[in-house]
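Participant: Structure file structure-v7.cif (mmCIF, C-alpha atoms and all ligand atoms) right here:
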data_run
loop_
_atom_site.label_atom_id
_atom_site.label_comp_id
_atom_site.auth_asym_id
_atom_site.auth_seq_id
_atom_site.Cartn_x
_atom_site.Cartn_y
_atom_site.Cartn_z
CA MET E 1 0.00 0.00 0.00
CA SER E 2 1.23 3.48 -0.86
CA ASN E 3 0.31 6.76 0.84
CA ARG E 4 -0.47 8.40 -2.45
CA TYR E 5 -2.24 7.68 -5.68
CA ILE E 6 -0.67 5.50 -8.34
CA LEU E 7 -1.93 6.37 -11.81
CA TYR E 8 -1.38 4.27 -14.90
CA SER E 9 -1.62 6.66 -17.81
CA ALA E 10 0.13 7.63 -21.03
CA GLN E 11 1.10 10.86 -22.69
CA GLY E 12 -1.62 11.87 -25.16
CA SER E 13 -4.18 9.42 -23.71
CA GLY E 14 -7.51 9.88 -21.94
CA GLY E 15 -5.58 9.31 -18.73
CA VAL E 16 -4.28 12.86 -19.11
CA ALA E 17 -7.71 14.13 -17.98
CA VAL E 18 -7.24 12.21 -14.72
CA GLU E 19 -3.70 13.56 -14.37
CA ALA E 20 -5.10 17.09 -14.83
CA ALA E 21 -7.78 16.47 -12.19
CA LEU E 22 -5.18 15.22 -9.68
CA THR E 23 -3.02 18.25 -10.49
CA LEU E 24 -5.86 20.74 -9.92
CA ALA E 25 -6.84 18.91 -6.72
CA GLY E 26 -3.25 19.24 -5.50
CA GLN E 27 -2.94 15.48 -5.03
CA PRO E 28 0.52 13.98 -5.51
CA TYR E 29 0.59 10.80 -7.57
CA GLU E 30 3.04 8.28 -8.88
CA LEU E 31 2.70 8.04 -12.64
CA VAL E 32 3.24 4.69 -14.31
CA GLU E 33 3.66 5.47 -18.00
CA SER E 34 1.85 2.75 -19.88
CA ALA E 35 1.53 3.41 -23.61
CA THR E 36 -1.12 0.78 -24.28
CA PHE E 37 -1.60 1.92 -27.87
CA ASP E 38 2.10 1.76 -28.84
CA ALA E 39 2.40 -1.44 -30.86
CA ASP E 40 6.21 -1.01 -30.95
CA ASP E 41 6.52 -0.94 -27.17
CA ARG E 42 4.36 -3.74 -25.78
CA ALA E 43 6.29 -3.75 -22.49
CA SER E 44 5.17 -0.20 -21.72
CA GLY E 45 1.49 -1.01 -22.32
CA ASP E 46 1.75 -4.25 -20.36
CA ARG E 47 2.57 -2.29 -17.18
CA VAL E 48 -1.11 -1.42 -16.78
CA LEU E 49 -1.99 -5.12 -16.49
CA ALA E 50 -0.99 -4.89 -12.82
CA ALA E 51 -4.12 -2.76 -12.34
CA ASN E 52 -6.39 -3.33 -15.34
CA PRO E 53 -6.85 -6.67 -17.12
CA MET E 54 -8.48 -4.72 -19.99
CA ARG E 55 -4.97 -3.37 -20.71
CA GLN E 56 -6.30 0.15 -20.91
CA VAL E 57 -5.33 3.41 -19.28
CA PRO E 58 -6.31 5.19 -17.13
CA ALA E 59 -6.25 2.99 -14.03
CA LEU E 60 -5.96 4.48 -10.58
CA VAL E 61 -4.82 2.79 -7.39
CA THR E 62 -5.98 4.78 -4.37
CA PRO E 63 -3.91 5.37 -1.22
CA ALA E 64 -6.18 2.79 0.46
CA GLY E 65 -5.16 0.23 -2.16
CA GLU E 66 -8.41 0.13 -4.13
CA THR E 67 -8.25 0.05 -7.92
CA LEU E 68 -10.50 2.11 -10.17
CA THR E 69 -10.67 1.85 -13.94
CA GLU E 70 -12.92 3.70 -16.42
CA SER E 71 -12.03 7.34 -16.92
CA ALA E 72 -15.52 8.69 -16.16
CA ALA E 73 -15.77 6.77 -12.90
CA ILE E 74 -12.30 7.87 -11.86
CA LEU E 75 -13.04 11.54 -12.58
CA ILE E 76 -16.38 11.49 -10.74
CA TRP E 77 -14.84 9.64 -7.80
CA LEU E 78 -11.85 12.00 -7.53
CA ALA E 79 -14.14 15.03 -7.50
CA GLU E 80 -16.10 13.41 -4.66
CA GLN E 81 -12.99 12.53 -2.68
CA HIS E 82 -11.61 16.06 -2.87
CA PRO E 83 -14.63 18.35 -2.50
CA GLU E 84 -12.40 21.24 -1.48
CA ALA E 85 -11.09 21.35 -5.06
CA LYS E 86 -14.66 21.97 -6.30
CA LEU E 87 -14.15 19.86 -9.40
CA ALA E 88 -17.82 18.81 -9.73
CA PRO E 89 -21.24 19.94 -8.58
CA PRO E 90 -21.98 17.91 -5.43
CA ALA E 91 -24.94 15.53 -5.03
CA GLY E 92 -28.12 17.60 -4.68
CA ASP E 93 -26.73 20.50 -6.73
CA PRO E 94 -29.07 21.42 -9.63
CA ARG E 95 -26.16 20.96 -12.07
CA ARG E 96 -25.46 17.41 -10.89
CA ALA E 97 -27.73 15.73 -13.44
CA ALA E 98 -26.05 17.49 -16.36
CA PHE E 99 -22.64 16.72 -14.88
CA LEU E 100 -23.36 12.98 -14.67
CA ARG E 101 -25.15 12.85 -18.01
CA TRP E 102 -22.36 14.44 -20.03
CA THR E 103 -19.45 12.85 -18.21
CA VAL E 104 -20.88 9.40 -18.93
CA PHE E 105 -21.75 10.50 -22.49
CA VAL E 106 -18.13 11.42 -23.24
CA SER E 107 -17.05 8.00 -22.00
CA SER E 108 -19.68 5.78 -23.58
CA ALA E 109 -20.71 7.63 -26.74
CA ILE E 110 -17.30 9.02 -27.74
CA TYR E 111 -14.22 7.63 -25.96
CA ALA E 112 -15.37 4.00 -26.29
CA HIS E 113 -15.06 4.21 -30.10
CA TYR E 114 -11.28 4.45 -29.90
CA TRP E 115 -10.95 0.75 -29.11
CA LEU E 116 -11.94 0.09 -32.72
CA LYS E 117 -10.63 3.31 -34.24
CA ASP E 118 -7.10 2.69 -32.93
CA ASP E 119 -7.11 -0.77 -34.52
CA PRO E 120 -9.98 -1.52 -36.95
CA SER E 121 -8.61 -5.06 -37.44
CA ARG E 122 -10.16 -5.86 -34.07
CA LEU E 123 -13.51 -6.18 -35.84
CA VAL E 124 -12.81 -5.86 -39.57
CA ALA E 125 -10.36 -8.34 -41.08
CA ASP E 126 -10.08 -6.70 -44.52
CA ALA E 127 -7.39 -4.02 -44.24
CA GLY E 128 -8.76 -2.38 -47.38
CA LEU E 129 -11.83 -1.36 -45.38
CA HIS E 130 -10.02 0.19 -42.44
CA GLY E 131 -9.91 3.70 -43.91
CA ASP E 132 -13.67 3.58 -44.36
CA VAL E 133 -14.25 2.27 -40.83
CA ASN E 134 -12.11 5.11 -39.52
CA ARG E 135 -13.97 7.77 -41.49
CA ARG E 136 -17.33 6.44 -40.32
CA LEU E 137 -16.22 6.36 -36.71
CA GLU E 138 -14.96 9.92 -36.99
CA GLU E 139 -18.31 11.05 -38.40
CA ARG E 140 -20.07 9.39 -35.47
CA ILE E 141 -17.71 11.03 -32.97
CA VAL E 142 -18.24 14.48 -34.54
CA ASP E 143 -21.99 13.86 -34.51
CA CYS E 144 -21.83 13.12 -30.78
CA TRP E 145 -19.95 16.39 -30.14
CA ARG E 146 -22.63 18.18 -32.19
CA THR E 147 -25.34 16.63 -30.01
CA MET E 148 -23.58 17.66 -26.83
CA GLU E 149 -23.17 21.22 -28.17
CA ALA E 150 -26.89 21.42 -28.93
CA GLN E 151 -27.97 20.07 -25.54
CA LEU E 152 -25.50 21.66 -23.14
CA ALA E 153 -25.22 25.43 -23.18
CA PRO E 154 -22.14 26.44 -21.18
CA ALA E 155 -23.47 28.15 -18.06
CA GLY E 156 -20.54 30.51 -17.51
CA ARG E 157 -16.83 30.37 -18.27
CA TYR E 158 -17.02 26.57 -18.17
CA LEU E 159 -19.52 23.90 -19.16
CA LEU E 160 -21.36 23.88 -15.85
CA GLY E 161 -20.68 27.35 -14.49
CA ASP E 162 -17.81 29.61 -13.57
CA GLU E 163 -15.72 26.91 -11.92
CA ILE E 164 -13.74 24.35 -13.86
CA SER E 165 -14.97 20.78 -13.40
CA VAL E 166 -13.62 17.35 -14.29
CA LEU E 167 -16.10 17.39 -17.19
CA ASP E 168 -14.25 20.38 -18.69
CA LEU E 169 -10.95 18.49 -18.33
CA TYR E 170 -12.46 15.38 -19.91
CA VAL E 171 -13.88 17.22 -22.93
CA THR E 172 -10.62 19.15 -23.33
CA VAL E 173 -8.62 15.93 -23.57
CA VAL E 174 -10.99 13.72 -25.59
CA SER E 175 -11.57 16.52 -28.14
CA ARG E 176 -7.83 16.40 -28.86
CA PHE E 177 -8.16 12.85 -30.21
CA ARG E 178 -8.72 12.30 -33.93
CA PRO E 179 -10.43 13.83 -35.85
CA ARG E 180 -8.94 16.49 -33.59
CA ARG E 181 -9.87 20.02 -32.82
CA GLN E 182 -10.63 21.66 -36.17
CA ARG E 183 -13.55 19.28 -36.71
CA PHE E 184 -14.54 19.64 -33.06
CA TYR E 185 -14.54 23.46 -33.20
CA ALA E 186 -16.72 23.43 -36.30
CA ALA E 187 -19.22 20.96 -34.80
CA ALA E 188 -19.24 22.41 -31.29
CA PRO E 189 -18.20 26.07 -31.24
CA ARG E 190 -19.40 26.81 -27.70
CA LEU E 191 -17.68 23.73 -26.30
CA GLY E 192 -14.69 24.88 -28.35
CA GLU E 193 -14.51 28.17 -26.47
CA VAL E 194 -14.51 26.32 -23.17
CA VAL E 195 -11.74 23.89 -24.09
CA ARG E 196 -9.54 26.73 -25.35
CA GLN E 197 -9.82 28.30 -21.91
CA VAL E 198 -8.89 25.01 -20.29
CA ASP E 199 -5.92 24.69 -22.69
CA GLU E 200 -4.78 28.10 -21.46
CA ASP E 201 -5.48 27.65 -17.76
CA PRO E 202 -2.38 29.02 -15.99
CA ARG E 203 -2.56 26.24 -13.38
CA LEU E 204 -1.99 23.75 -16.20
CA ALA E 205 0.52 25.80 -18.21
CA ALA E 206 3.41 23.42 -17.53
CA PHE E 207 1.19 20.36 -17.47
CA TRP E 208 -0.26 20.36 -21.00
CA PRO E 209 3.03 20.61 -22.92
CA ALA E 210 4.46 17.75 -20.85
CA ARG E 211 1.48 15.41 -21.05
CA TYR E 212 -0.32 16.32 -24.29
CA PRO E 213 2.20 18.33 -26.29
CA PHE E 214 0.98 20.83 -28.83
CA GLU E 215 2.98 20.16 -31.96
CA PRO E 216 2.54 22.22 -35.14
CA GLY E 217 -0.77 21.23 -36.74
CA TRP E 218 -1.76 19.10 -33.72
CA ASP E 219 -5.33 20.34 -33.87
CA ARG E 220 -5.92 19.22 -37.45
CA LEU E 221 -6.49 15.85 -39.04
N1 LIG N 1 -13.54 2.84 -21.29
C1 LIG N 1 -12.18 3.18 -21.00
C2 LIG N 1 -11.42 3.41 -22.31
C3 LIG N 1 -9.96 3.67 -22.08
C4 LIG N 1 -9.15 3.61 -23.36
O1 LIG N 1 -9.65 3.35 -24.46
N2 LIG N 1 -7.86 3.89 -23.20
C5 LIG N 1 -6.97 3.81 -24.33
C6 LIG N 1 -5.93 4.93 -24.28
S1 LIG N 1 -6.61 6.52 -24.66
C7 LIG N 1 -6.22 2.51 -24.26
O2 LIG N 1 -5.66 2.17 -23.24
N3 LIG N 1 -6.25 1.78 -25.38
C8 LIG N 1 -5.62 0.52 -25.50
C9 LIG N 1 -6.61 -0.56 -25.91
O3 LIG N 1 -7.84 -0.34 -25.85
O4 LIG N 1 -6.15 -1.64 -26.27
C10 LIG N 1 -12.11 4.44 -20.13
O5 LIG N 1 -12.98 5.30 -20.27
O6 LIG N 1 -11.20 4.55 -19.29
#
If you convert what's in this file into structure tokens, what do you get?
Ligand SMILES: N[C@@H](CCC(=O)N[C@@H](CS)C(=O)NCC(=O)O)C(=O)O
Facilitator:
Amino acid sequence: MSNRYILYSAQGSGGVAVEAALTLAGQPYELVESATFDADDRASGDRVLAANPMRQVPALVTPAGETLTESAAILIWLAEQHPEAKLAPPAGDPRRAAFLRWTVFVSSAIYAHYWLKDDPSRLVADAGLHGDVNRRLEERIVDCWRTMEAQLAPAGRYLLGDEISVLDLYVTVVSRFRPRRQRFYAAAPRLGEVVRQVDEDPRLAAFWPARYPFEPGWDRL
């Protein structure tokens, strides 16, 4: 048992949202870099197996020794454990329903597609069809962002009000995945304004370049 969190994550992965939440909550954590999607470095990805038999990041081991997987669950749980950080509307708050709805939506309607998108051969044997599978998945992902934009009007500087929440961190990270930000901005301009603010949050100024580097053209296809 450790006296701090252990987080299995990888640069440029959805785990970066959890890293950002721990950073804003001021919680120290031991990072186990586990690049599950790097086919050339299986050993790195295999490290997560100690915590998650699904071989996916993020996975969090709490100071009490409990393991959590599933990014949405981890984010919701961390916000609950550290209420002083005000990273989510608490139970009973009128914004709680929207918080739960959209946090789970990002996980189940959008993030879940990357299991196939990262490797279409998991379901489609014919490599000649993989480009088409990818394009169709990207259209679906963009459509989901469009739906979220239409249903969730940002209620202040951030999605749920004037305080940043783990939902803002989650959308900021997942909207960096392919088809990346240019498509996202076009489909969801109001969400786009919010994530740009999160990109520029001074508390995360050193964090983003280290964990999800902005390279030239990063926001395009
Ligand atoms: N449902 C999981 C999905 C996590 C996920 O897809 N993680 C990616 C990295 S961004 C991964 O580890 N992919 C490797 C794989 O699925 O084989 C969650 O929300 O935490």
Participant: Write out as a tab-separated table the residues of chain E that have any atom within 10 Å of an atom of ligand LIG 1 (chain N), one row each with the nearest atom pair and its distance in Å to one decimal, counting all atoms listed in the file, sorted by chain and then rising number.
Facilitator:
residue	atom	partner	partner_atom	distance
E:Tyr8	CA	N:LIG1	O2	9.6
E:Ser9	CA	N:LIG1	C6	8.0
E:Ala10	CA	N:LIG1	C6	7.4
E:Gln11	CA	N:LIG1	S1	9.1
E:Gly12	CA	N:LIG1	S1	7.3
E:Ser13	CA	N:LIG1	S1	3.9
E:Gly14	CA	N:LIG1	S1	4.4
E:Gly15	CA	N:LIG1	S1	6.6
E:Val16	CA	N:LIG1	S1	8.7
E:Val18	CA	N:LIG1	O6	9.8
E:Ser34	CA	N:LIG1	O2	8.2
E:Ala35	CA	N:LIG1	O2	7.3
E:Thr36	CA	N:LIG1	C8	4.7
E:Phe37	CA	N:LIG1	C8	4.9
E:Asp38	CA	N:LIG1	C8	8.5
E:Ala39	CA	N:LIG1	O4	9.7
E:Gly45	CA	N:LIG1	O2	7.9
E:Val48	CA	N:LIG1	O2	8.7
E:Asn52	CA	N:LIG1	O2	9.7
E:Met54	CA	N:LIG1	O3	7.3
E:Arg55	CA	N:LIG1	O4	5.9
E:Gln56	CA	N:LIG1	O2	3.1
E:Val57	CA	N:LIG1	O2	4.2
E:Pro58	CA	N:LIG1	O6	5.4
E:Ala59	CA	N:LIG1	O6	7.4
E:Leu68	CA	N:LIG1	O6	9.5
E:Thr69	CA	N:LIG1	O6	6.0
E:Glu70	CA	N:LIG1	O6	3.5
E:Ser71	CA	N:LIG1	O6	3.8
E:Ala72	CA	N:LIG1	O5	5.9
E:Ala73	CA	N:LIG1	O5	8.0
E:Ile74	CA	N:LIG1	O6	8.2
E:Leu75	CA	N:LIG1	O6	9.9
E:Val104	CA	N:LIG1	O5	9.0
E:Val106	CA	N:LIG1	O5	8.5
E:Ser107	CA	N:LIG1	O5	5.2
E:Ser108	CA	N:LIG1	N1	7.2
E:Ile110	CA	N:LIG1	O5	9.4
E:Tyr111	CA	N:LIG1	C2	6.2
E:Ala112	CA	N:LIG1	N1	5.4
E:His113	CA	N:LIG1	O1	7.9
E:Tyr114	CA	N:LIG1	O1	5.8
E:Trp115	CA	N:LIG1	O3	4.6
E:Leu116	CA	N:LIG1	O3	8.0
E:Lys117	CA	N:LIG1	O3	9.6
E:Asp118	CA	N:LIG1	N3	7.7
E:Asp119	CA	N:LIG1	O4	8.4
E:Arg122	CA	N:LIG1	O4	9.7
E:Val173	CA	N:LIG1	S1	9.7
E:Val174	CA	N:LIG1	S1	8.5
E:Phe177	CA	N:LIG1	S1	8.6
Participant: Using all atoms listed in the file, which residues sit within 7 Å of E:Tyr5 once same-chain residues fewer than 2 positions away are excluded, as a count of residues only?
Facilitator: 8
Participant: Between E:Cys144, E:Ala97, E:Leu49, E:Leu191, which has the minimum distance to E:Asp168 (counting all atoms listed in the file)?
Facilitator: E:Leu191
Participant: In terms of the shortest atom-to-atom distance over all atoms listed in the file, which of E:Gln27, E:Ser44, E:Gln151, E:Thr103 is closest to E:Leu167?
Facilitator: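 For E:Leu167, the nearest of the candidates is E:Thr103.
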Participant: What gap, in Å, lies between atom CA of E:His82 and atom CA of E:Arg157?
Facilitator: 21.7 Å
Participant: Let me have the centre and edge lengths of the axis-aligned box enclosing all listed atoms of stretch 61-71 of chain E with 3 Å padding on every side, in Å to one decimal, as lines of an AutoDock Vina configuration file.
Facilitator:
center_x = -8.4
center_y = 3.7
center_z = -8.2
size_x = 15.0
size_y = 13.3
size_z = 23.4
Participant: Give me, please, the distance in Å between atom CA of E:Ala51 and atom CA of E:Arg180, quoted to one decimal.
Facilitator: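 We find that atom CA of E:Ala51 and atom CA of E:Arg180 lie 29.1 Å from each other.
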Participant: Which residues are near E:Val194? Cut-off 12 Å, all atoms listed in the file, ignore same chain within fewer than 6 positions. Put them as a ChimeraX atom specification.
Facilitator: /E:149,152-165,167-173,175,184-185,188,200-201
Participant: For atom CA of E:Leu78 and atom CA of E:Gln197, determine how far apart the two atoms are, in Å to one decimal place.
Facilitator: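 That distance, rounded to one decimal, is 21.8 Å.
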Participant: Rank E:Asp132, E:Asp126, E:Glu66, E:Asp143 by their smallest atom-to-atom distance to E:Arg4, using only C-alpha atoms, and report the top residue only.
Facilitator: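 Counting only C-alpha atoms, the residue closest to E:Arg4 is E:Glu66.
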Participant: Could you pull the residues within 10 Å of E:Leu204, counting all atoms listed in the file, minus those fewer than 4 positions along the same chain, as a ChimeraX atom specification?
Facilitator: /E:20,23-24,198-200,208-210
